[in-house]
Amino acid sequence: MWERIVDVINEGKKFIITTHLFSEGDAIGSELALKRFLCNLNKEAVVVNNELLPPVYSCFDPDKDVKFLKSKDDNINLNDFDAIFMVDVAAWGQLGDFADMIKASRITKICIDHHPTNPGYADINVIDKDASSAGELIYDLITHMNGELTLEVATPLYLSIATDTGWFKFSNTSAKAFKACSALIEAGVKSQIIYEKLYHNKHVSYLKLLNLMLGTLSSECDGQLVWTKITKKMIKSSGVEFVDTDVIIDLIRAVNKVEVVVIFKELGERKTKVSFRSKHTIDVSKLASDFGGGGHVRAAGASLEEPIDTVIGDVVSVASELIEETSACVSSGSSLT
Ligand SMILES: [Mn+2]
């Protein structure tokens with residue numbers, strides 16, 4: 001599966017790496033690990049994203065390796081590079097306007113991803129929907145090439161796998177993911193410190209936002225569908241700088257009847273981000289793709305050019321319909337055996 005990519009790496013000198021908008025642990029971990037691995041092979045590699053690094057991840061990037069596409073200091077000419085790696089990117093649309101630049105260039109386009117909705121849009125595609133994370137695939141590539149698992153490479157790989165499996169809680173928590181993490185811990189990764197940096201770092205303003213979000217909690221379908229929203233006003237009045245929705249998603253998911261959790265985030269007057277999570281029966285990647293997004297069976301998202309309340313109305317009605325259809329013919333998949 002890696003032959004073509006190994007050839008590109010061996011024959012090339014200069015590489016560029018990028019990932020999707022709204023980047024998170026898997027996206028950032030994968031690109032940092034790949035960059036450091038390529039540099040260990042004495043290649044030149046730069047990470048360029050179409051957005052700034054979310055501040056919670058800056059401790060994983062002490063040398064400021066992640067560059068911002070629109071920064072005035074770095075002038076990126078894609079034709080200067082041998083190949084671009086797009087990691088954890090399921091579709092061109094997830095790259096924003098960077099996609100047009102990449103498509104218009106002569107550069108060899110490589111996609112390494114694990115989203116089942118990925119159509120294989122690049123010149124070379126390694127898409128493994130059974131991989132827990134893009135980071136697990138980068139781990140595979142590195143071990144396939146007998147690369148060294150230095151701590152600088154291992155730490156972002158662990159960040160990828162741990163965050164994309166919800167710290168080994170989700171259905172993608174596999175024996176392979178644990179094997180990779182076992183090797184990463186042997187390489188010196190400090191799991192507890194990574195967890196604390198990510199989740200025990202919140203300001204008290206975050207609890208204020210959580211309180212406001214819980215105040216907007218609503219449900220449908222006898223409590224199987226629960227949603228909440230984050231408006232710009234709520235962010236401003238609570239004073240938070242970085243909104244981490246994982247905590248609220250986990251809180252809602254802890255309620256026994258809940259099957260689908262939806263979080264609506266207002267990004268602008270006519271711009272709304274929707275995050276979907278499900279527990280057992282609903283394929284939220286299908287739900288997300290109905291609204292122009294995509295993702296996984298249990299975690300997916302979409303961005304819409306509509307005001308938040310319009311989006312809430314549309315999404316809740318489609319999701320309710322799907323839940324009602326599904327619960328009529330499927331029993332819960334929560335059996336232990
Ligand atoms: Mn991922």
# chains A, B, ... in the order shown; residues from 1 in each chain; ligands from 1
$ select_by_dssp --residues "range 111-191 of chain A" --states "helix (DSSP H, G or I)" --output "number ranges by chain"
A: 134-144, 151-164, 175-186, 191
$ write_last_selection --atoms "N, CA and C atoms" --output "mmCIF file, in the first residue's frame"
data_model
loop_
_atom_site.group_PDB
_atom_site.id
_atom_site.type_symbol
_atom_site.label_atom_id
_atom_site.label_comp_id
_atom_site.auth_asym_id
_atom_site.auth_seq_id
_atom_site.Cartn_x
_atom_site.Cartn_y
_atom_site.Cartn_z
ATOM 1 N N ALA A 134 -5.569 9.134 11.083
ATOM 2 C CA ALA A 134 -4.528 9.365 10.081
ATOM 3 C C ALA A 134 -3.166 9.111 10.720
ATOM 4 N N GLY A 135 -3.042 9.432 12.003
ATOM 5 C CA GLY A 135 -1.784 9.216 12.719
ATOM 6 C C GLY A 135 -1.366 7.748 12.729
ATOM 7 N N GLU A 136 -2.335 6.851 12.852
ATOM 8 C CA GLU A 136 -2.005 5.417 12.806
ATOM 9 C C GLU A 136 -1.405 5.072 11.435
ATOM 10 N N LEU A 137 -1.919 5.710 10.376
ATOM 11 C CA LEU A 137 -1.375 5.457 9.029
ATOM 12 C C LEU A 137 0.034 6.030 8.885
ATOM 13 N N ILE A 138 0.270 7.201 9.458
ATOM 14 C CA ILE A 138 1.627 7.770 9.413
ATOM 15 C C ILE A 138 2.581 6.853 10.202
ATOM 16 N N TYR A 139 2.100 6.331 11.311
ATOM 17 C CA TYR A 139 2.898 5.352 12.083
ATOM 18 C C TYR A 139 3.246 4.149 11.207
ATOM 19 N N ASP A 140 2.249 3.644 10.468
ATOM 20 C CA ASP A 140 2.473 2.512 9.544
ATOM 21 C C ASP A 140 3.548 2.842 8.512
ATOM 22 N N LEU A 141 3.421 4.042 7.920
ATOM 23 C CA LEU A 141 4.381 4.457 6.888
ATOM 24 C C LEU A 141 5.795 4.512 7.475
ATOM 25 N N ILE A 142 5.906 5.117 8.660
ATOM 26 C CA ILE A 142 7.230 5.272 9.277
ATOM 27 C C ILE A 142 7.835 3.901 9.606
ATOM 28 N N THR A 143 7.031 3.006 10.181
ATOM 29 C CA THR A 143 7.582 1.686 10.522
ATOM 30 C C THR A 143 7.870 0.891 9.246
ATOM 31 N N HIS A 144 7.014 1.069 8.220
ATOM 32 C CA HIS A 144 7.250 0.403 6.931
ATOM 33 C C HIS A 144 8.608 0.819 6.350
ATOM 34 N N LEU A 151 11.240 10.649 20.082
ATOM 35 C CA LEU A 151 10.158 11.192 20.914
ATOM 36 C C LEU A 151 9.423 12.314 20.171
ATOM 37 N N GLU A 152 10.171 13.058 19.349
ATOM 38 C CA GLU A 152 9.568 14.169 18.584
ATOM 39 C C GLU A 152 8.588 13.653 17.530
ATOM 40 N N VAL A 153 8.805 12.430 17.077
ATOM 41 C CA VAL A 153 7.883 11.810 16.112
ATOM 42 C C VAL A 153 6.764 11.082 16.866
ATOM 43 N N ALA A 154 7.137 10.397 17.950
ATOM 44 C CA ALA A 154 6.173 9.551 18.666
ATOM 45 C C ALA A 154 5.087 10.366 19.367
ATOM 46 N N THR A 155 5.460 11.512 19.936
ATOM 47 C CA THR A 155 4.477 12.295 20.704
ATOM 48 C C THR A 155 3.304 12.761 19.832
ATOM 49 N N PRO A 156 3.536 13.394 18.677
ATOM 50 C CA PRO A 156 2.378 13.778 17.856
ATOM 51 C C PRO A 156 1.591 12.581 17.326
ATOM 52 N N LEU A 157 2.256 11.441 17.100
ATOM 53 C CA LEU A 157 1.516 10.255 16.655
ATOM 54 C C LEU A 157 0.555 9.789 17.749
ATOM 55 N N TYR A 158 1.035 9.843 18.992
ATOM 56 C CA TYR A 158 0.168 9.449 20.114
ATOM 57 C C TYR A 158 -0.994 10.436 20.254
ATOM 58 N N LEU A 159 -0.684 11.718 20.072
ATOM 59 C CA LEU A 159 -1.734 12.748 20.092
ATOM 60 C C LEU A 159 -2.829 12.398 19.083
ATOM 61 N N SER A 160 -2.419 12.005 17.873
ATOM 62 C CA SER A 160 -3.365 11.644 16.805
ATOM 63 C C SER A 160 -4.270 10.495 17.226
ATOM 64 N N ILE A 161 -3.632 9.390 17.615
ATOM 65 C CA ILE A 161 -4.406 8.163 17.870
ATOM 66 C C ILE A 161 -5.277 8.344 19.115
ATOM 67 N N ALA A 162 -4.708 8.921 20.161
ATOM 68 C CA ALA A 162 -5.467 9.075 21.409
ATOM 69 C C ALA A 162 -6.675 9.989 21.198
ATOM 70 N N THR A 163 -6.498 11.099 20.502
ATOM 71 C CA THR A 163 -7.632 12.026 20.353
ATOM 72 C C THR A 163 -8.686 11.459 19.402
ATOM 73 N N ASP A 164 -8.254 10.828 18.300
ATOM 74 C CA ASP A 164 -9.261 10.331 17.343
ATOM 75 C C ASP A 164 -10.034 9.118 17.874
ATOM 76 N N ALA A 175 -7.098 -3.185 18.109
ATOM 77 C CA ALA A 175 -5.855 -3.818 18.555
ATOM 78 C C ALA A 175 -4.658 -3.132 17.894
ATOM 79 N N LYS A 176 -4.829 -2.747 16.612
ATOM 80 C CA LYS A 176 -3.731 -2.094 15.881
ATOM 81 C C LYS A 176 -3.383 -0.735 16.495
ATOM 82 N N ALA A 177 -4.443 -0.020 16.881
ATOM 83 C CA ALA A 177 -4.216 1.295 17.503
ATOM 84 C C ALA A 177 -3.462 1.119 18.822
ATOM 85 N N PHE A 178 -3.853 0.120 19.610
ATOM 86 C CA PHE A 178 -3.157 -0.127 20.875
ATOM 87 C C PHE A 178 -1.712 -0.566 20.645
ATOM 88 N N LYS A 179 -1.495 -1.399 19.605
ATOM 89 C CA LYS A 179 -0.122 -1.847 19.313
ATOM 90 C C LYS A 179 0.764 -0.654 18.978
ATOM 91 N N ALA A 180 0.213 0.244 18.147
ATOM 92 C CA ALA A 180 0.987 1.437 17.784
ATOM 93 C C ALA A 180 1.267 2.254 19.042
ATOM 94 N N CYS A 181 0.252 2.457 19.869
ATOM 95 C CA CYS A 181 0.439 3.278 21.076
ATOM 96 C C CYS A 181 1.407 2.622 22.046
ATOM 97 N N SER A 182 1.385 1.297 22.104
ATOM 98 C CA SER A 182 2.337 0.589 22.952
ATOM 99 C C SER A 182 3.770 0.927 22.512
ATOM 100 N N ALA A 183 4.010 0.889 21.208
ATOM 101 C CA ALA A 183 5.351 1.224 20.704
ATOM 102 C C ALA A 183 5.683 2.698 20.978
ATOM 103 N N LEU A 184 4.681 3.546 20.899
ATOM 104 C CA LEU A 184 4.914 4.984 21.120
ATOM 105 C C LEU A 184 5.256 5.258 22.588
ATOM 106 N N ILE A 185 4.570 4.555 23.484
ATOM 107 C CA ILE A 185 4.880 4.715 24.918
ATOM 108 C C ILE A 185 6.296 4.189 25.179
ATOM 109 N N GLU A 186 6.637 3.073 24.514
ATOM 110 C CA GLU A 186 8.003 2.554 24.667
ATOM 111 C C GLU A 186 9.032 3.567 24.169
ATOM 112 N N SER A 191 1.841 9.820 28.211
ATOM 113 C CA SER A 191 0.398 9.883 27.945
ATOM 114 C C SER A 191 -0.317 10.858 28.878
#
$ residues_near_ligand --ligand "ligand 1" --cutoff "9 Å" --atoms "only C-alpha atoms and all ligand atoms" --output "PyMOL selection string"
chain A and resi 24-27+30+87-89+113-115+132-135+160-161+163-165+295-296
$ atom_distance --atom1 "CA of Ala299 in chain A" --atom2 "CA of Glu269 in chain A"
25.3 Å
$ residues_around --residues "Ile312 in chain A" --least-positions-apart "2" --cutoff "12 Å" --atoms "only C-alpha atoms" --output "NGL selection string"
:A and (216 or 218-219 or 226-230 or 262-266 or 272-275 or 291 or 304 or 306-310 or 314-320)
$ atom_distance --atom1 "CA of Phe68 in chain A" --atom2 "CA of Ser205 in chain A"
27.6 Å
$ closest_residue --among "A:Gln94, A:Asn49, A:Ser23, A:Ser278" --to "Ser171 in chain A" --atoms "only C-alpha atoms"
A:Ser278
$ closest_residue --among "A:Ile235, A:Ala33, A:Ile84, A:Met1" --to "Lys14 in chain A" --atoms "only C-alpha atoms"
A:Ile84
$ atom_distance --atom1 "CA of Phe276 in chain A" --atom2 "CA of Val258 in chain A"
12.4 Å
$ residues_around --residues "range 237-247 of chain A" --least-positions-apart "2" --cutoff "7 Å" --atoms "only C-alpha atoms" --output "PyMOL selection string"
chain A and resi 205-206+208-209+233-235+249-251
$ closest_residue --among "A:Ile76, A:Ala99, A:Ala131, A:Met145" --to "Leu41 in chain A" --atoms "only C-alpha atoms"
A:Met145
$ closest_residue --among "A:Val297, A:Ile112, A:Val56, A:Ile9" --to "Leu198 in chain A" --atoms "only C-alpha atoms"
A:Val56
$ residues_around --residues "Asn40 in chain A" --least-positions-apart "3" --cutoff "12 Å" --atoms "only C-alpha atoms" --output "mmCIF file with all heavy atoms, in the first residue's frame"
data_model
loop_
_atom_site.group_PDB
_atom_site.id
_atom_site.type_symbol
_atom_site.label_atom_id
_atom_site.label_comp_id
_atom_site.auth_asym_id
_atom_site.auth_seq_id
_atom_site.Cartn_x
_atom_site.Cartn_y
_atom_site.Cartn_z
ATOM 1 N N ALA A 33 4.202 14.746 12.882
ATOM 2 C CA ALA A 33 4.983 13.501 12.877
ATOM 3 C C ALA A 33 5.590 13.265 11.495
ATOM 4 O O ALA A 33 6.771 12.921 11.374
ATOM 5 C CB ALA A 33 4.094 12.324 13.280
ATOM 6 N N LEU A 34 4.801 13.477 10.445
ATOM 7 C CA LEU A 34 5.300 13.253 9.082
ATOM 8 C C LEU A 34 6.436 14.224 8.764
ATOM 9 O O LEU A 34 7.461 13.835 8.196
ATOM 10 C CB LEU A 34 4.141 13.409 8.077
ATOM 11 C CG LEU A 34 4.479 13.178 6.617
ATOM 12 C CD1 LEU A 34 5.064 11.783 6.387
ATOM 13 C CD2 LEU A 34 3.234 13.363 5.730
ATOM 14 N N LYS A 35 6.273 15.481 9.159
ATOM 15 C CA LYS A 35 7.325 16.474 8.903
ATOM 16 C C LYS A 35 8.627 16.055 9.585
ATOM 17 O O LYS A 35 9.700 16.059 8.978
ATOM 18 C CB LYS A 35 6.902 17.855 9.434
ATOM 19 C CG LYS A 35 7.964 18.918 9.142
ATOM 20 C CD LYS A 35 8.060 19.981 10.204
ATOM 21 C CE LYS A 35 9.471 20.496 10.318
ATOM 22 N NZ LYS A 35 9.856 21.540 9.423
ATOM 23 N N ARG A 36 8.544 15.672 10.860
ATOM 24 C CA ARG A 36 9.760 15.336 11.613
ATOM 25 C C ARG A 36 10.400 14.056 11.069
ATOM 26 O O ARG A 36 11.623 13.953 11.017
ATOM 27 C CB ARG A 36 9.424 15.217 13.099
ATOM 28 C CG ARG A 36 9.058 16.597 13.659
ATOM 29 C CD ARG A 36 8.475 16.533 15.038
ATOM 30 N NE ARG A 36 7.972 17.850 15.430
ATOM 31 C CZ ARG A 36 7.253 18.075 16.524
ATOM 32 N NH1 ARG A 36 6.954 17.074 17.343
ATOM 33 N NH2 ARG A 36 6.845 19.284 16.815
ATOM 34 N N PHE A 37 9.568 13.112 10.646
ATOM 35 C CA PHE A 37 10.093 11.881 10.033
ATOM 36 C C PHE A 37 10.844 12.226 8.744
ATOM 37 O O PHE A 37 11.972 11.752 8.524
ATOM 38 C CB PHE A 37 8.927 10.921 9.756
ATOM 39 C CG PHE A 37 9.249 9.804 8.806
ATOM 40 C CD1 PHE A 37 10.172 8.823 9.146
ATOM 41 C CD2 PHE A 37 8.624 9.726 7.566
ATOM 42 C CE1 PHE A 37 10.475 7.788 8.266
ATOM 43 C CE2 PHE A 37 8.918 8.698 6.685
ATOM 44 C CZ PHE A 37 9.854 7.732 7.034
ATOM 45 N N LYS A 43 15.329 15.194 4.436
ATOM 46 C CA LYS A 43 14.523 15.863 3.407
ATOM 47 C C LYS A 43 14.104 17.218 3.971
ATOM 48 O O LYS A 43 14.077 17.423 5.178
ATOM 49 C CB LYS A 43 13.265 15.049 3.092
ATOM 50 C CG LYS A 43 13.519 13.594 2.761
ATOM 51 C CD LYS A 43 14.115 13.426 1.383
ATOM 52 C CE LYS A 43 14.382 11.944 1.089
ATOM 53 N NZ LYS A 43 14.910 11.748 -0.267
ATOM 54 N N GLU A 44 13.723 18.112 3.058
ATOM 55 C CA GLU A 44 13.131 19.370 3.507
ATOM 56 C C GLU A 44 11.629 19.168 3.569
ATOM 57 O O GLU A 44 11.045 18.616 2.620
ATOM 58 C CB GLU A 44 13.420 20.452 2.467
ATOM 59 C CG GLU A 44 14.413 21.492 2.911
ATOM 60 C CD GLU A 44 14.588 22.539 1.841
ATOM 61 O OE1 GLU A 44 13.696 23.394 1.713
ATOM 62 O OE2 GLU A 44 15.597 22.458 1.115
ATOM 63 N N ALA A 45 11.016 19.595 4.664
ATOM 64 C CA ALA A 45 9.560 19.443 4.761
ATOM 65 C C ALA A 45 8.982 20.615 5.526
ATOM 66 O O ALA A 45 9.522 21.028 6.556
ATOM 67 C CB ALA A 45 9.218 18.136 5.475
ATOM 68 N N ILE A 142 5.906 5.117 8.660
ATOM 69 C CA ILE A 142 7.230 5.272 9.277
ATOM 70 C C ILE A 142 7.835 3.901 9.606
ATOM 71 O O ILE A 142 9.002 3.642 9.307
ATOM 72 C CB ILE A 142 7.126 6.155 10.555
ATOM 73 C CG1 ILE A 142 6.732 7.592 10.155
ATOM 74 C CG2 ILE A 142 8.444 6.148 11.337
ATOM 75 C CD1 ILE A 142 6.433 8.513 11.323
ATOM 76 N N MET A 145 8.988 2.086 6.559
ATOM 77 C CA MET A 145 10.259 2.586 6.029
ATOM 78 C C MET A 145 11.393 2.449 7.051
ATOM 79 O O MET A 145 12.473 3.021 6.858
ATOM 80 C CB MET A 145 10.113 4.051 5.595
ATOM 81 C CG MET A 145 9.182 4.215 4.392
ATOM 82 S SD MET A 145 9.061 5.932 3.811
ATOM 83 C CE MET A 145 10.682 6.158 3.039
ATOM 84 N N ASN A 146 11.130 1.680 8.130
ATOM 85 C CA ASN A 146 12.120 1.498 9.194
ATOM 86 C C ASN A 146 12.617 2.815 9.782
ATOM 87 O O ASN A 146 13.791 2.942 10.157
ATOM 88 C CB ASN A 146 13.325 0.672 8.694
ATOM 89 C CG ASN A 146 12.903 -0.737 8.332
ATOM 90 O OD1 ASN A 146 12.162 -1.368 9.076
ATOM 91 N ND2 ASN A 146 13.342 -1.205 7.176
ATOM 92 N N GLY A 147 11.717 3.787 9.841
ATOM 93 C CA GLY A 147 12.093 5.089 10.406
ATOM 94 C C GLY A 147 12.216 4.997 11.911
ATOM 95 O O GLY A 147 11.636 4.117 12.548
ATOM 96 N N GLU A 148 12.985 5.932 12.459
ATOM 97 C CA GLU A 148 13.204 5.917 13.897
ATOM 98 C C GLU A 148 12.040 6.605 14.609
ATOM 99 O O GLU A 148 11.597 7.686 14.199
ATOM 100 C CB GLU A 148 14.517 6.650 14.209
ATOM 101 C CG GLU A 148 15.063 6.275 15.560
ATOM 102 C CD GLU A 148 16.190 7.215 16.001
ATOM 103 O OE1 GLU A 148 16.799 7.865 15.121
ATOM 104 O OE2 GLU A 148 16.434 7.297 17.208
ATOM 105 N N LEU A 149 11.546 5.959 15.674
ATOM 106 C CA LEU A 149 10.474 6.581 16.464
ATOM 107 C C LEU A 149 11.110 7.443 17.552
ATOM 108 O O LEU A 149 11.172 7.073 18.718
ATOM 109 C CB LEU A 149 9.582 5.518 17.109
ATOM 110 C CG LEU A 149 8.542 4.844 16.224
ATOM 111 C CD1 LEU A 149 7.764 3.816 17.026
ATOM 112 C CD2 LEU A 149 7.593 5.853 15.580
ATOM 113 N N THR A 150 11.595 8.614 17.128
ATOM 114 C CA THR A 150 12.143 9.530 18.135
ATOM 115 C C THR A 150 10.965 10.077 18.944
ATOM 116 O O THR A 150 9.812 10.013 18.498
ATOM 117 C CB THR A 150 12.866 10.712 17.462
ATOM 118 O OG1 THR A 150 11.897 11.381 16.639
ATOM 119 C CG2 THR A 150 14.022 10.244 16.591
ATOM 120 N N GLU A 152 10.171 13.058 19.349
ATOM 121 C CA GLU A 152 9.568 14.169 18.584
ATOM 122 C C GLU A 152 8.588 13.653 17.530
ATOM 123 O O GLU A 152 7.683 14.364 17.104
ATOM 124 C CB GLU A 152 10.658 15.002 17.885
ATOM 125 C CG GLU A 152 11.494 15.875 18.804
ATOM 126 C CD GLU A 152 12.358 15.071 19.763
ATOM 127 O OE1 GLU A 152 12.831 13.983 19.373
ATOM 128 O OE2 GLU A 152 12.538 15.532 20.912
ATOM 129 N N VAL A 153 8.805 12.430 17.077
ATOM 130 C CA VAL A 153 7.883 11.810 16.112
ATOM 131 C C VAL A 153 6.764 11.082 16.866
ATOM 132 O O VAL A 153 5.589 11.155 16.505
ATOM 133 C CB VAL A 153 8.652 10.812 15.203
ATOM 134 C CG1 VAL A 153 7.694 9.983 14.361
ATOM 135 C CG2 VAL A 153 9.634 11.564 14.299
#
$ closest_residue --among "A:Ala83, A:Leu78, A:Val126, A:Thr173" --to "Ala104 in chain A" --atoms "only C-alpha atoms"
A:Leu78
$ decode --residues "range 180-198 of chain A" --atoms "N, CA, C and O atoms" --output "tab-separated table (two decimals), in the first residue's frame"
chain	number	residue	atom	x	y	z
A	180	ALA	N	0.21	0.24	18.15
A	180	ALA	CA	0.99	1.44	17.78
A	180	ALA	C	1.27	2.25	19.04
A	180	ALA	O	2.41	2.67	19.28
A	181	CYS	N	0.25	2.46	19.87
A	181	CYS	CA	0.44	3.28	21.08
A	181	CYS	C	1.41	2.62	22.05
A	181	CYS	O	2.16	3.32	22.73
A	182	SER	N	1.38	1.30	22.10
A	182	SER	CA	2.34	0.59	22.95
A	182	SER	C	3.77	0.93	22.51
A	182	SER	O	4.63	1.26	23.35
A	183	ALA	N	4.01	0.89	21.21
A	183	ALA	CA	5.35	1.22	20.70
A	183	ALA	C	5.68	2.70	20.98
A	183	ALA	O	6.83	3.04	21.27
A	184	LEU	N	4.68	3.55	20.90
A	184	LEU	CA	4.91	4.98	21.12
A	184	LEU	C	5.26	5.26	22.59
A	184	LEU	O	6.13	6.07	22.89
A	185	ILE	N	4.57	4.55	23.48
A	185	ILE	CA	4.88	4.71	24.92
A	185	ILE	C	6.30	4.19	25.18
A	185	ILE	O	7.07	4.80	25.92
A	186	GLU	N	6.64	3.07	24.51
A	186	GLU	CA	8.00	2.55	24.67
A	186	GLU	C	9.03	3.57	24.17
A	186	GLU	O	10.15	3.63	24.68
A	187	ALA	N	8.64	4.36	23.19
A	187	ALA	CA	9.55	5.38	22.67
A	187	ALA	C	9.66	6.58	23.62
A	187	ALA	O	10.41	7.51	23.35
A	188	GLY	N	8.86	6.56	24.68
A	188	GLY	CA	9.01	7.62	25.69
A	188	GLY	C	7.84	8.58	25.82
A	188	GLY	O	7.91	9.54	26.60
A	189	VAL	N	6.76	8.35	25.06
A	189	VAL	CA	5.62	9.26	25.11
A	189	VAL	C	5.01	9.29	26.52
A	189	VAL	O	4.86	8.25	27.15
A	190	LYS	N	4.70	10.49	26.97
A	190	LYS	CA	4.10	10.66	28.31
A	190	LYS	C	2.61	10.91	28.15
A	190	LYS	O	2.16	12.04	28.00
A	191	SER	N	1.84	9.82	28.21
A	191	SER	CA	0.40	9.88	27.95
A	191	SER	C	-0.32	10.86	28.88
A	191	SER	O	-1.13	11.68	28.45
A	192	GLN	N	-0.01	10.77	30.17
A	192	GLN	CA	-0.72	11.60	31.14
A	192	GLN	C	-0.49	13.09	30.89
A	192	GLN	O	-1.40	13.91	30.98
A	193	ILE	N	0.76	13.43	30.53
A	193	ILE	CA	1.07	14.85	30.28
A	193	ILE	C	0.30	15.35	29.07
A	193	ILE	O	-0.23	16.46	29.06
A	194	ILE	N	0.24	14.51	28.02
A	194	ILE	CA	-0.51	14.92	26.81
A	194	ILE	C	-1.97	15.15	27.18
A	194	ILE	O	-2.56	16.16	26.79
A	195	TYR	N	-2.55	14.24	27.96
A	195	TYR	CA	-3.95	14.38	28.37
A	195	TYR	C	-4.15	15.70	29.13
A	195	TYR	O	-5.08	16.46	28.86
A	196	GLU	N	-3.26	15.96	30.07
A	196	GLU	CA	-3.41	17.18	30.88
A	196	GLU	C	-3.28	18.44	30.04
A	196	GLU	O	-4.03	19.39	30.21
A	197	LYS	N	-2.32	18.43	29.11
A	197	LYS	CA	-2.14	19.62	28.25
A	197	LYS	C	-3.40	19.89	27.44
A	197	LYS	O	-3.75	21.03	27.16
A	198	LEU	N	-4.08	18.81	27.02
A	198	LEU	CA	-5.25	18.98	26.17
A	198	LEU	C	-6.51	19.32	26.96
A	198	LEU	O	-7.31	20.14	26.53
